[in-house]
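Just query.pdb here, PDB, C-alpha atoms:
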ATOM      1  CA  MET A   8      -9.867  -5.195   6.695
ATOM      2  CA  SER A   9      -9.479  -4.292  10.328
ATOM      3  CA  ILE A  10      -6.541  -5.287  12.491
ATOM      4  CA  ILE A  11      -8.941  -7.817  13.990
ATOM      5  CA  THR A  12      -9.765  -9.724  10.809
ATOM      6  CA  GLN A  13      -6.155  -9.309   9.717
ATOM      7  CA  SER A  14      -4.738 -10.923  12.863
ATOM      8  CA  ILE A  15      -7.339 -13.686  12.749
ATOM      9  CA  ALA A  16      -6.533 -14.410   9.108
ATOM     10  CA  ASN A  17      -2.818 -14.565   9.947
ATOM     11  CA  ALA A  18      -3.390 -16.905  12.875
ATOM     12  CA  ASP A  19      -5.724 -19.115  10.872
ATOM     13  CA  ARG A  20      -3.188 -19.473   8.081
ATOM     14  CA  GLU A  21      -0.934 -21.137  10.647
ATOM     15  CA  ALA A  22      -3.800 -22.943  12.435
ATOM     16  CA  ARG A  23      -2.963 -21.320  15.756
ATOM     17  CA  TYR A  24      -4.467 -19.031  18.349
ATOM     18  CA  LEU A  25      -3.586 -15.354  18.343
ATOM     19  CA  SER A  26      -0.315 -14.681  20.132
ATOM     20  CA  HIS A  27      -0.012 -12.462  23.206
ATOM     21  CA  GLY A  28       1.550  -9.801  21.031
ATOM     22  CA  GLU A  29      -1.343  -9.887  18.592
ATOM     23  CA  LEU A  30      -3.909  -9.824  21.372
ATOM     24  CA  ASN A  31      -2.162  -6.872  22.996
ATOM     25  CA  ALA A  32      -2.292  -5.026  19.684
ATOM     26  CA  LEU A  33      -6.037  -5.734  19.563
ATOM     27  CA  ARG A  34      -6.390  -4.396  23.092
ATOM     28  CA  GLY A  35      -4.792  -1.146  22.001
ATOM     29  CA  PHE A  36      -7.182  -1.014  19.069
ATOM     30  CA  PHE A  37     -10.224  -1.618  21.303
ATOM     31  CA  GLU A  38      -9.046   1.015  23.775
ATOM     32  CA  ALA A  39      -8.639   3.643  21.079
ATOM     33  CA  GLY A  40     -12.072   2.714  19.727
ATOM     34  CA  SER A  41     -13.932   5.449  21.582
ATOM     35  CA  GLN A  42     -11.622   8.110  20.198
ATOM     36  CA  ARG A  43     -12.179   6.841  16.664
ATOM     37  CA  LEU A  44     -15.933   6.753  17.104
ATOM     38  CA  ARG A  45     -15.901  10.260  18.523
ATOM     39  CA  ILE A  46     -13.942  11.556  15.530
ATOM     40  CA  ALA A  47     -16.327   9.817  13.138
ATOM     41  CA  SER A  48     -19.281  11.439  14.909
ATOM     42  CA  ILE A  49     -17.725  14.895  14.614
ATOM     43  CA  LEU A  50     -17.063  14.408  10.902
ATOM     44  CA  THR A  51     -20.549  13.002  10.326
ATOM     45  CA  ALA A  52     -22.264  15.834  12.175
ATOM     46  CA  ASN A  53     -20.255  18.429  10.243
ATOM     47  CA  ALA A  54     -20.140  16.748   6.849
ATOM     48  CA  GLU A  55     -22.178  19.419   5.093
ATOM     49  CA  LYS A  56     -20.143  22.197   6.600
ATOM     50  CA  ILE A  57     -16.877  20.505   5.647
ATOM     51  CA  VAL A  58     -18.030  20.045   2.067
ATOM     52  CA  GLU A  59     -19.226  23.630   1.882
ATOM     53  CA  LYS A  60     -15.938  25.032   3.190
ATOM     54  CA  GLY A  61     -13.934  22.600   1.081
ATOM     55  CA  SER A  62     -15.802  23.602  -2.079
ATOM     56  CA  GLU A  63     -15.272  27.293  -1.419
ATOM     57  CA  LYS A  64     -11.564  26.797  -1.031
ATOM     58  CA  PHE A  65     -11.432  24.527  -4.047
ATOM     59  CA  TRP A  66     -13.159  26.942  -6.397
ATOM     60  CA  GLN A  67     -10.930  29.734  -5.189
ATOM     61  CA  ARG A  68      -7.838  27.720  -5.929
ATOM     62  CA  CYS A  69      -9.054  26.026  -9.101
ATOM     63  CA  SER A  70     -11.495  28.458 -10.615
ATOM     64  CA  VAL A  71     -11.306  26.810 -14.035
ATOM     65  CA  THR A  72     -12.867  23.420 -13.401
ATOM     66  CA  PRO A  73     -16.074  21.738 -14.633
ATOM     67  CA  SER A  74     -17.861  22.154 -11.300
ATOM     68  CA  ASN A  75     -17.169  25.906 -11.368
ATOM     69  CA  SER A  76     -18.209  26.384 -14.983
ATOM     70  CA  GLY A  77     -21.778  27.336 -14.222
ATOM     71  CA  ASN A  78     -23.102  23.873 -15.020
ATOM     72  CA  ARG A  79     -25.419  22.929 -12.183
ATOM     73  CA  THR A  80     -25.119  19.184 -12.677
ATOM     74  CA  PHE A  81     -21.338  19.309 -12.545
ATOM     75  CA  ARG A  82     -21.480  21.441  -9.465
ATOM     76  CA  ALA A  83     -23.912  19.115  -7.705
ATOM     77  CA  SER A  84     -21.864  16.037  -8.634
ATOM     78  CA  CYS A  85     -18.723  17.633  -7.259
ATOM     79  CA  VAL A  86     -20.419  18.411  -3.959
ATOM     80  CA  ARG A  87     -21.959  14.935  -3.814
ATOM     81  CA  ASP A  88     -18.606  13.241  -4.424
ATOM     82  CA  GLN A  89     -16.972  15.278  -1.689
ATOM     83  CA  GLY A  90     -19.679  14.100   0.690
ATOM     84  CA  TRP A  91     -18.943  10.526  -0.338
ATOM     85  CA  TYR A  92     -15.274  10.953   0.390
ATOM     86  CA  ILE A  93     -15.994  12.353   3.833
ATOM     87  CA  ARG A  94     -18.230   9.349   4.450
ATOM     88  CA  LEU A  95     -15.477   6.950   3.380
ATOM     89  CA  ILE A  96     -13.054   8.796   5.650
ATOM     90  CA  THR A  97     -15.391   8.220   8.614
ATOM     91  CA  TYR A  98     -15.467   4.485   7.796
ATOM     92  CA  ALA A  99     -11.675   4.346   7.578
ATOM     93  CA  VAL A 100     -11.330   6.148  10.905
ATOM     94  CA  VAL A 101     -13.748   3.757  12.605
ATOM     95  CA  VAL A 102     -12.182   0.576  11.243
ATOM     96  CA  GLY A 103      -8.650   2.000  11.577
ATOM     97  CA  ASP A 104      -7.705   0.965   8.052
ATOM     98  CA  ILE A 105      -7.479   2.330   4.523
ATOM     99  CA  ASP A 106      -9.579  -0.506   3.142
ATOM    100  CA  PRO A 107     -12.856   1.452   2.745
ATOM    101  CA  LEU A 108     -10.944   4.243   0.966
ATOM    102  CA  GLN A 109      -9.177   1.826  -1.296
ATOM    103  CA  GLU A 110     -12.203  -0.296  -2.156
ATOM    104  CA  SER A 111     -14.885   2.338  -2.595
ATOM    105  CA  GLY A 112     -12.880   5.499  -3.151
ATOM    106  CA  ILE A 113      -9.695   4.934  -5.074
ATOM    107  CA  LYS A 114     -10.025   1.810  -7.198
ATOM    108  CA  GLY A 115     -11.065   3.017 -10.615
ATOM    109  CA  ALA A 116     -11.473   6.628  -9.489
ATOM    110  CA  LYS A 117      -8.671   8.003 -11.640
ATOM    111  CA  ALA A 118     -10.050   6.273 -14.708
ATOM    112  CA  MET A 119     -13.546   7.495 -13.908
ATOM    113  CA  TYR A 120     -12.597  11.151 -13.407
ATOM    114  CA  THR A 121     -10.406  11.058 -16.472
ATOM    115  CA  ALA A 122     -13.298   9.621 -18.500
ATOM    116  CA  LEU A 123     -15.513  12.420 -17.191
ATOM    117  CA  GLU A 124     -12.888  14.916 -18.302
ATOM    118  CA  ILE A 125     -12.276  16.195 -14.820
ATOM    119  CA  PRO A 126      -8.587  17.056 -14.416
ATOM    120  CA  LEU A 127      -7.056  14.757 -11.770
ATOM    121  CA  ARG A 128      -4.922  17.641 -10.601
ATOM    122  CA  ASN A 129      -8.124  19.438  -9.621
ATOM    123  CA  VAL A 130      -9.541  16.358  -7.928
ATOM    124  CA  VAL A 131      -6.385  16.175  -5.828
ATOM    125  CA  GLU A 132      -6.646  19.864  -4.971
ATOM    126  CA  CYS A 133     -10.257  19.321  -3.977
ATOM    127  CA  MET A 134      -9.219  16.501  -1.595
ATOM    128  CA  ARG A 135      -6.616  18.840  -0.088
ATOM    129  CA  CYS A 136      -9.256  21.468   0.506
ATOM    130  CA  LEU A 137     -11.562  18.889   2.089
ATOM    131  CA  LYS A 138      -8.737  17.787   4.328
ATOM    132  CA  GLU A 139      -8.068  21.325   5.497
ATOM    133  CA  ALA A 140     -11.757  21.962   6.131
ATOM    134  CA  ALA A 141     -12.110  18.730   8.089
ATOM    135  CA  LEU A 142      -8.953  19.101  10.160
ATOM    136  CA  ASP A 143      -9.976  22.642  11.140
ATOM    137  CA  LEU A 144     -12.688  21.080  13.301
ATOM    138  CA  LEU A 145     -10.434  18.659  15.148
ATOM    139  CA  THR A 146      -7.985  18.733  18.038
ATOM    140  CA  VAL A 147      -4.307  18.102  17.475
ATOM    141  CA  ALA A 148      -4.568  14.451  18.533
ATOM    142  CA  ASP A 149      -7.614  13.869  16.342
ATOM    143  CA  LYS A 150      -5.929  15.600  13.402
ATOM    144  CA  ALA A 151      -3.086  13.112  13.676
ATOM    145  CA  GLU A 152      -5.588  10.253  13.456
ATOM    146  CA  VAL A 153      -7.529  11.573  10.458
ATOM    147  CA  GLY A 154      -4.855  13.364   8.433
ATOM    148  CA  PRO A 155      -3.170  10.224   7.075
ATOM    149  CA  TYR A 156      -6.440   8.959   5.576
ATOM    150  CA  PHE A 157      -6.839  12.152   3.577
ATOM    151  CA  ASP A 158      -3.195  11.874   2.550
ATOM    152  CA  TYR A 159      -3.911   8.377   1.324
ATOM    153  CA  LEU A 160      -6.768   9.676  -0.831
ATOM    154  CA  ILE A 161      -4.618  12.495  -2.170
ATOM    155  CA  GLN A 162      -1.838  10.037  -2.936
ATOM    156  CA  GLY A 163      -4.258   7.668  -4.650
ATOM    157  CA  MET A 164      -5.704  10.381  -6.889
ATOM    158  CA  THR A 165      -2.426  11.983  -7.851
ATOM    159  CA  PRO A 166      -1.915  11.642 -11.599
TER     160      PRO A 166
ATOM    161  CA  MET B   8     -14.377 -12.829   6.697
ATOM    162  CA  GLN B   9     -16.068  -9.986   8.529
ATOM    163  CA  ASP B  10     -15.950  -8.558  12.024
ATOM    164  CA  ALA B  11     -18.361  -6.445  14.051
ATOM    165  CA  ILE B  12     -16.908  -3.288  12.496
ATOM    166  CA  THR B  13     -16.571  -4.254   8.843
ATOM    167  CA  THR B  14     -20.084  -5.750   8.738
ATOM    168  CA  LEU B  15     -21.612  -2.435   9.789
ATOM    169  CA  ILE B  16     -19.396  -0.412   7.470
ATOM    170  CA  ASN B  17     -20.122  -2.600   4.470
ATOM    171  CA  SER B  18     -23.854  -2.408   4.931
ATOM    172  CA  SER B  19     -23.731   1.379   5.417
ATOM    173  CA  ASP B  20     -21.503   1.796   2.384
ATOM    174  CA  THR B  21     -23.856  -0.198   0.174
ATOM    175  CA  GLN B  22     -26.631   2.177   1.167
ATOM    176  CA  GLY B  23     -24.393   5.234   0.892
ATOM    177  CA  LYS B  24     -25.134   6.164   4.494
ATOM    178  CA  TYR B  25     -23.012   7.382   7.351
ATOM    179  CA  LEU B  26     -22.840   5.037  10.324
ATOM    180  CA  ASP B  27     -26.046   5.825  12.174
ATOM    181  CA  ASN B  28     -26.467   6.154  15.906
ATOM    182  CA  SER B  29     -27.466   2.568  16.480
ATOM    183  CA  SER B  30     -24.404   1.366  14.552
ATOM    184  CA  LEU B  31     -22.161   3.676  16.536
ATOM    185  CA  GLU B  32     -23.677   2.416  19.753
ATOM    186  CA  ARG B  33     -23.099  -1.198  18.749
ATOM    187  CA  LEU B  34     -19.489  -0.390  17.899
ATOM    188  CA  GLN B  35     -19.041   1.393  21.205
ATOM    189  CA  ASN B  36     -20.275  -1.724  23.010
ATOM    190  CA  TYR B  37     -17.987  -3.898  20.940
ATOM    191  CA  PHE B  38     -14.948  -1.753  21.741
ATOM    192  CA  HIS B  39     -15.885  -1.693  25.415
ATOM    193  CA  SER B  40     -16.081  -5.479  25.500
ATOM    194  CA  GLY B  41     -12.671  -5.714  23.832
ATOM    195  CA  GLU B  42     -10.736  -6.285  27.012
ATOM    196  CA  LEU B  43     -13.089  -9.092  27.972
ATOM    197  CA  ARG B  44     -12.685 -10.687  24.552
ATOM    198  CA  ALA B  45      -8.900 -10.433  24.531
ATOM    199  CA  LYS B  46      -8.665 -11.920  28.022
ATOM    200  CA  ALA B  47     -11.012 -14.752  27.148
ATOM    201  CA  ALA B  48      -8.958 -15.525  24.035
ATOM    202  CA  MET B  49      -5.788 -15.662  26.142
ATOM    203  CA  THR B  50      -7.362 -18.036  28.651
ATOM    204  CA  ILE B  51      -8.737 -20.306  25.933
ATOM    205  CA  SER B  52      -5.492 -20.370  24.013
ATOM    206  CA  ALA B  53      -3.557 -21.313  27.177
ATOM    207  CA  ASN B  54      -6.088 -24.033  28.065
ATOM    208  CA  ALA B  55      -7.259 -25.308  24.695
ATOM    209  CA  ALA B  56      -6.035 -28.859  25.240
ATOM    210  CA  THR B  57      -7.677 -29.017  28.682
ATOM    211  CA  ILE B  58     -10.969 -27.723  27.309
ATOM    212  CA  VAL B  59     -11.007 -30.353  24.569
ATOM    213  CA  THR B  60     -10.076 -33.148  26.991
ATOM    214  CA  ARG B  61     -12.794 -32.147  29.431
ATOM    215  CA  THR B  62     -15.324 -31.787  26.639
ATOM    216  CA  THR B  63     -14.580 -35.240  25.313
ATOM    217  CA  ALA B  64     -14.739 -36.747  28.784
ATOM    218  CA  LYS B  65     -18.023 -35.020  29.459
ATOM    219  CA  SER B  66     -19.869 -35.815  26.265
ATOM    220  CA  LEU B  67     -18.312 -38.646  24.284
ATOM    221  CA  LEU B  68     -15.826 -40.800  26.129
ATOM    222  CA  TYR B  69     -18.201 -42.946  28.133
ATOM    223  CA  THR B  70     -20.860 -43.412  25.514
ATOM    224  CA  ASP B  71     -21.378 -46.110  22.888
ATOM    225  CA  ILE B  72     -19.699 -43.941  20.301
ATOM    226  CA  THR B  73     -16.215 -44.953  21.505
ATOM    227  CA  ALA B  74     -17.111 -48.669  21.726
ATOM    228  CA  PRO B  75     -16.581 -51.077  18.818
ATOM    229  CA  GLY B  76     -19.111 -50.197  16.148
ATOM    230  CA  GLY B  77     -19.239 -46.565  17.252
ATOM    231  CA  ASN B  78     -18.040 -43.760  15.037
ATOM    232  CA  MET B  79     -15.171 -42.875  17.401
ATOM    233  CA  TYR B  80     -13.965 -46.477  17.573
ATOM    234  CA  THR B  81     -10.423 -47.099  16.577
ATOM    235  CA  CYS B  82      -7.931 -44.494  17.618
ATOM    236  CA  ARG B  83      -7.733 -42.998  14.173
ATOM    237  CA  ARG B  84     -11.352 -41.892  14.248
ATOM    238  CA  TYR B  85     -11.054 -40.858  17.881
ATOM    239  CA  ALA B  86      -8.122 -38.615  16.978
ATOM    240  CA  ALA B  87     -10.052 -37.112  14.046
ATOM    241  CA  CYS B  88     -12.932 -36.288  16.370
ATOM    242  CA  VAL B  89     -10.642 -34.632  18.914
ATOM    243  CA  ARG B  90      -9.023 -32.668  16.112
ATOM    244  CA  ASP B  91     -12.420 -31.373  15.011
ATOM    245  CA  MET B  92     -13.194 -30.329  18.589
ATOM    246  CA  ASP B  93      -9.934 -28.386  18.489
ATOM    247  CA  TYR B  94     -11.056 -26.662  15.304
ATOM    248  CA  PHE B  95     -14.453 -25.768  16.731
ATOM    249  CA  LEU B  96     -12.852 -24.198  19.771
ATOM    250  CA  ARG B  97     -10.287 -22.235  17.787
ATOM    251  CA  TYR B  98     -12.781 -20.914  15.253
ATOM    252  CA  ALA B  99     -15.348 -20.065  17.925
ATOM    253  CA  THR B 100     -12.579 -18.089  19.637
ATOM    254  CA  TYR B 101     -11.802 -16.222  16.416
ATOM    255  CA  ALA B 102     -15.488 -15.420  15.952
ATOM    256  CA  MET B 103     -15.787 -14.243  19.552
ATOM    257  CA  LEU B 104     -12.825 -11.883  19.060
ATOM    258  CA  ALA B 105     -14.306 -10.593  15.820
ATOM    259  CA  GLY B 106     -17.780 -10.291  17.352
ATOM    260  CA  ASP B 107     -19.113 -11.842  14.170
ATOM    261  CA  PRO B 108     -19.942 -15.415  13.118
ATOM    262  CA  SER B 109     -19.027 -15.128   9.434
ATOM    263  CA  ILE B 110     -15.704 -16.921   9.853
ATOM    264  CA  LEU B 111     -17.576 -19.952  11.183
ATOM    265  CA  ASP B 112     -19.828 -19.997   8.130
ATOM    266  CA  GLU B 113     -16.972 -19.575   5.712
ATOM    267  CA  ARG B 114     -14.323 -21.809   7.186
ATOM    268  CA  VAL B 115     -16.062 -24.369   9.378
ATOM    269  CA  LEU B 116     -19.692 -24.878   8.547
ATOM    270  CA  ASN B 117     -19.526 -24.578   4.784
ATOM    271  CA  GLY B 118     -20.055 -28.188   3.638
ATOM    272  CA  LEU B 119     -19.409 -29.638   7.097
ATOM    273  CA  ARG B 120     -22.767 -31.353   7.522
ATOM    274  CA  GLU B 121     -22.423 -32.982   4.105
ATOM    275  CA  THR B 122     -18.885 -34.107   4.954
ATOM    276  CA  TYR B 123     -20.027 -35.572   8.264
ATOM    277  CA  ASN B 124     -22.943 -37.321   6.609
ATOM    278  CA  SER B 125     -20.743 -38.881   3.989
ATOM    279  CA  LEU B 126     -18.284 -40.042   6.641
ATOM    280  CA  GLY B 127     -21.063 -41.361   8.843
ATOM    281  CA  VAL B 128     -20.205 -38.975  11.670
ATOM    282  CA  PRO B 129     -23.320 -38.610  13.852
ATOM    283  CA  VAL B 130     -24.376 -34.955  13.861
ATOM    284  CA  GLY B 131     -26.398 -35.412  17.066
ATOM    285  CA  ALA B 132     -23.365 -36.507  19.035
ATOM    286  CA  THR B 133     -21.311 -33.675  17.529
ATOM    287  CA  VAL B 134     -23.881 -31.117  18.607
ATOM    288  CA  ARG B 135     -23.945 -32.613  22.115
ATOM    289  CA  ALA B 136     -20.153 -32.361  22.249
ATOM    290  CA  VAL B 137     -20.205 -28.696  21.161
ATOM    291  CA  GLN B 138     -22.815 -28.012  23.836
ATOM    292  CA  ALA B 139     -20.543 -29.710  26.385
ATOM    293  CA  MET B 140     -17.664 -27.555  25.161
ATOM    294  CA  LYS B 141     -19.822 -24.521  25.772
ATOM    295  CA  GLU B 142     -20.346 -25.578  29.395
ATOM    296  CA  VAL B 143     -16.671 -26.396  29.952
ATOM    297  CA  THR B 144     -15.593 -23.072  28.454
ATOM    298  CA  THR B 145     -18.127 -21.089  30.449
ATOM    299  CA  GLU B 146     -16.960 -22.748  33.671
ATOM    300  CA  MET B 147     -13.434 -21.704  32.869
ATOM    301  CA  LEU B 148     -14.111 -18.146  31.653
ATOM    302  CA  GLY B 149     -16.929 -17.089  33.936
ATOM    303  CA  ALA B 150     -20.457 -16.117  33.006
ATOM    304  CA  GLU B 151     -19.873 -12.947  31.002
ATOM    305  CA  ALA B 152     -17.209 -14.196  28.597
ATOM    306  CA  GLY B 153     -18.861 -17.612  28.615
ATOM    307  CA  LYS B 154     -22.055 -16.059  27.334
ATOM    308  CA  GLU B 155     -20.179 -14.434  24.481
ATOM    309  CA  MET B 156     -18.480 -17.700  23.493
ATOM    310  CA  SER B 157     -21.816 -19.509  23.755
ATOM    311  CA  LEU B 158     -23.189 -17.421  20.891
ATOM    312  CA  TYR B 159     -20.644 -18.953  18.575
ATOM    313  CA  PHE B 160     -20.862 -22.513  19.887
ATOM    314  CA  ASP B 161     -24.610 -22.262  19.362
ATOM    315  CA  HIS B 162     -23.978 -20.920  15.880
ATOM    316  CA  ILE B 163     -21.957 -24.054  15.097
ATOM    317  CA  CYS B 164     -24.771 -26.255  16.424
ATOM    318  CA  THR B 165     -27.407 -24.412  14.404
ATOM    319  CA  GLY B 166     -25.257 -24.716  11.314
ATOM    320  CA  LEU B 167     -24.821 -28.446  11.826
ATOM    321  CA  GLY B 168     -28.433 -29.192  12.640
TER     322      GLY B 168
END

Whole structure given in C-alpha cells:
Amino acid sequence: MSIITQSIANADREARYLSHGELNALRGFFEAGSQRLRIASILTANAEKIVEKGSEKFWQRCSVTPSNSGNRTFRASCVRDQGWYIRLITYAVVVGDIDPLQESGIKGAKAMYTALEIPLRNVVECMRCLKEAALDLLTVADKAEVGPYFDYLIQGMTP
Amino acid sequence: MQDAITTLINSSDTQGKYLDNSSLERLQNYFHSGELRAKAAMTISANAATIVTRTTAKSLLYTDITAPGGNMYTCRRYAACVRDMDYFLRYATYAMLAGDPSILDERVLNGLRETYNSLGVPVGATVRAVQAMKEVTTEMLGAEAGKEMSLYFDHICTGLG
C-alpha cells in the first residue's frame, strides 16, 4: 500500500477529507517520485549484472549450497529467484513501501525454502550479496533509499 | 483500493515483469501532476459545503423533485440527497488524488444503483446532479484540475447509468 492509499483509507475511516498535514506528506512523496523512478530504472537496466555479481559473491561466501553443487536446475532457480527479488525491490522503491516485498517476497518464503532444503542462512547471505551488488551501482543518496528494502528482505528471511 | 502506482505494480507482478517504459512514463506523469492534485484536494476540502450547495441549487432545487410528490420532498429526503452529494464529492476527491477510480467502484458504486432503485431515487436526476457538481468544481478549480476531477465524476455517472 502506498502512502496515498494509506492516507485515503485513514481519512475514509473517519469520513473526512485528507488533512493539510497528510496532503503535505503526499506532496513530498510526489516530489521524490522522479528519484524513485530513476533508481528503479537503474536497477532494472542492471538487473542481470546485479544478479551475476551477487551470485559470484554468494558462491564464494557459501560454497556449500544447493545452487553451487553442480546441479544446473538448482543453479538456474537460484539465479531466477535473485532476479525476482531485484524486481520486487524495484516495485518497493517505486511505491515507497515494503508491501510488494512482503506480499510477493517474504510471506511463505521461509517455509518454501525450508521445504526445498535450501538453508535459510544461505538465502540470507545471498540477499546480502545482492544488496552489495545493487548498492555498488548507486549514489550515496540512492543507496539510502534502496538499502532499507534489502534490509527488510534480509530481516524477513532470517531464520 | 488501488492507486495509479499500485495498479501498475500489481499487473506487472502478476506477469513477473519489471515496470516497462510506458508504465514508468505514466508514473512520471502521475508524480508530476501531484502538486496539482494536492492543491485541488485542499481547495475542495475547504469548499466542500459550498460546492454541494451550488450543485444542489444548480441541478435539483428548482425542479419538481423538491416539490410534494418528488423524491427530495420532505426535509429528511432532501438531507439524505445532500449527504450523498457530499459522499460523491469526497470519494471523487480521493480517486483524483489516487489517480485511480477503484475506490469509487468499491466504496460508492457497488450496489448503489440497486439501493437507489429500491428507494425510488431517480438515477437520471442523480446523474444530472453529479454533472452539475462537475461544472461547479471545474469553475472553482480551473480547467486543468477540473478535467482531472471530471474523470471521476463521469465514472460515477457511468456506474450509475

Seminar exercise, completed: Of A:Val100, A:Cys85, A:Leu144, A:Leu123, the one sitting nearest chain B when using only C-alpha atoms is A:Val100

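For the pair CA of Tyr120 (chain A) and CA of Phe81 (chain A), the separation is 12.0 Å.
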
Exercise. Selected by the ChimeraX specification (/A :<6) & /B in the shown coordinates: which residues, as an NGL selection string?
Worked result: :B and (25 or 38 or 41 or 45 or 52)

Once 5 Å is added on each side, what are the centre and the three edge lengths, in Å to one decimal, of the axis-aligned box enclosing the listed atoms of region 127-135 of chain B? Present them as AutoDock Vina command-line options.
--center_x -23.3 --center_y -36.2 --center_z 15.5 --size_x 16.2 --size_y 20.2 --size_z 23.3

Run through the PyMOL selection byres ((chain B and resi 63-76) around 9) on the given coordinates and return the selected residues as an mmCIF file with C-alpha atoms, in the frame of the given file.
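The new file out.cif reads:
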data_model
loop_
_atom_site.group_PDB
_atom_site.id
_atom_site.type_symbol
_atom_site.label_atom_id
_atom_site.label_comp_id
_atom_site.auth_asym_id
_atom_site.auth_seq_id
_atom_site.Cartn_x
_atom_site.Cartn_y
_atom_site.Cartn_z
ATOM 1 C CA ILE B 58 -10.969 -27.723 27.309
ATOM 2 C CA VAL B 59 -11.007 -30.353 24.569
ATOM 3 C CA THR B 60 -10.076 -33.148 26.991
ATOM 4 C CA ARG B 61 -12.794 -32.147 29.431
ATOM 5 C CA THR B 62 -15.324 -31.787 26.639
ATOM 6 C CA GLY B 77 -19.239 -46.565 17.252
ATOM 7 C CA ASN B 78 -18.040 -43.760 15.037
ATOM 8 C CA MET B 79 -15.171 -42.875 17.401
ATOM 9 C CA TYR B 80 -13.965 -46.477 17.573
ATOM 10 C CA THR B 81 -10.423 -47.099 16.577
ATOM 11 C CA TYR B 85 -11.054 -40.858 17.881
ATOM 12 C CA VAL B 89 -10.642 -34.632 18.914
ATOM 13 C CA MET B 92 -13.194 -30.329 18.589
ATOM 14 C CA ALA B 132 -23.365 -36.507 19.035
ATOM 15 C CA THR B 133 -21.311 -33.675 17.529
ATOM 16 C CA ARG B 135 -23.945 -32.613 22.115
ATOM 17 C CA ALA B 136 -20.153 -32.361 22.249
ATOM 18 C CA VAL B 137 -20.205 -28.696 21.161
ATOM 19 C CA GLN B 138 -22.815 -28.012 23.836
ATOM 20 C CA ALA B 139 -20.543 -29.710 26.385
ATOM 21 C CA MET B 140 -17.664 -27.555 25.161
ATOM 22 C CA VAL B 143 -16.671 -26.396 29.952
#

For this session: Return as an MDAnalysis selection string the set of residues that the PyMOL selection byres ((chain A and resi 162) around 12) yields on the displayed structure.
Result: chainID A and resid 108:109 112:113 117 127:128 130:132 134:135 155:161 163:166

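For the pair CA of Ala152 (chain B) and CA of Leu43 (chain B), the interatomic distance is 6.6 Å.
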
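When CA of Pro108 (chain B) is paired with CA of Thr13 (chain B), their separation reads 12.4 Å.
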
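Minimum atom-to-atom distances from B:Asp161, B:Val128, B:Leu104, B:Met147 to Arg84 (chain B) were compared using only C-alpha atoms, and the lowest value belongs to B:Val128.
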
Problem set entry | Selected residue of minimal separation from Gln9 (chain B) among B:Asp91, B:Tyr37, B:Glu113, B:Asp27, counting only C-alpha atoms |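 Checking each of B:Asp91, B:Tyr37, B:Glu113, B:Asp27 against Gln9 (chain B), counting only C-alpha atoms, the winner is B:Glu113.
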
Seminar exercise, completed: Residue with the minimum atom-to-atom distance to Asp107 (chain B), picked from B:Thr122, B:Thr14, B:Asn54, B:Ser40 with all atoms listed in the file counted, is B:Thr14
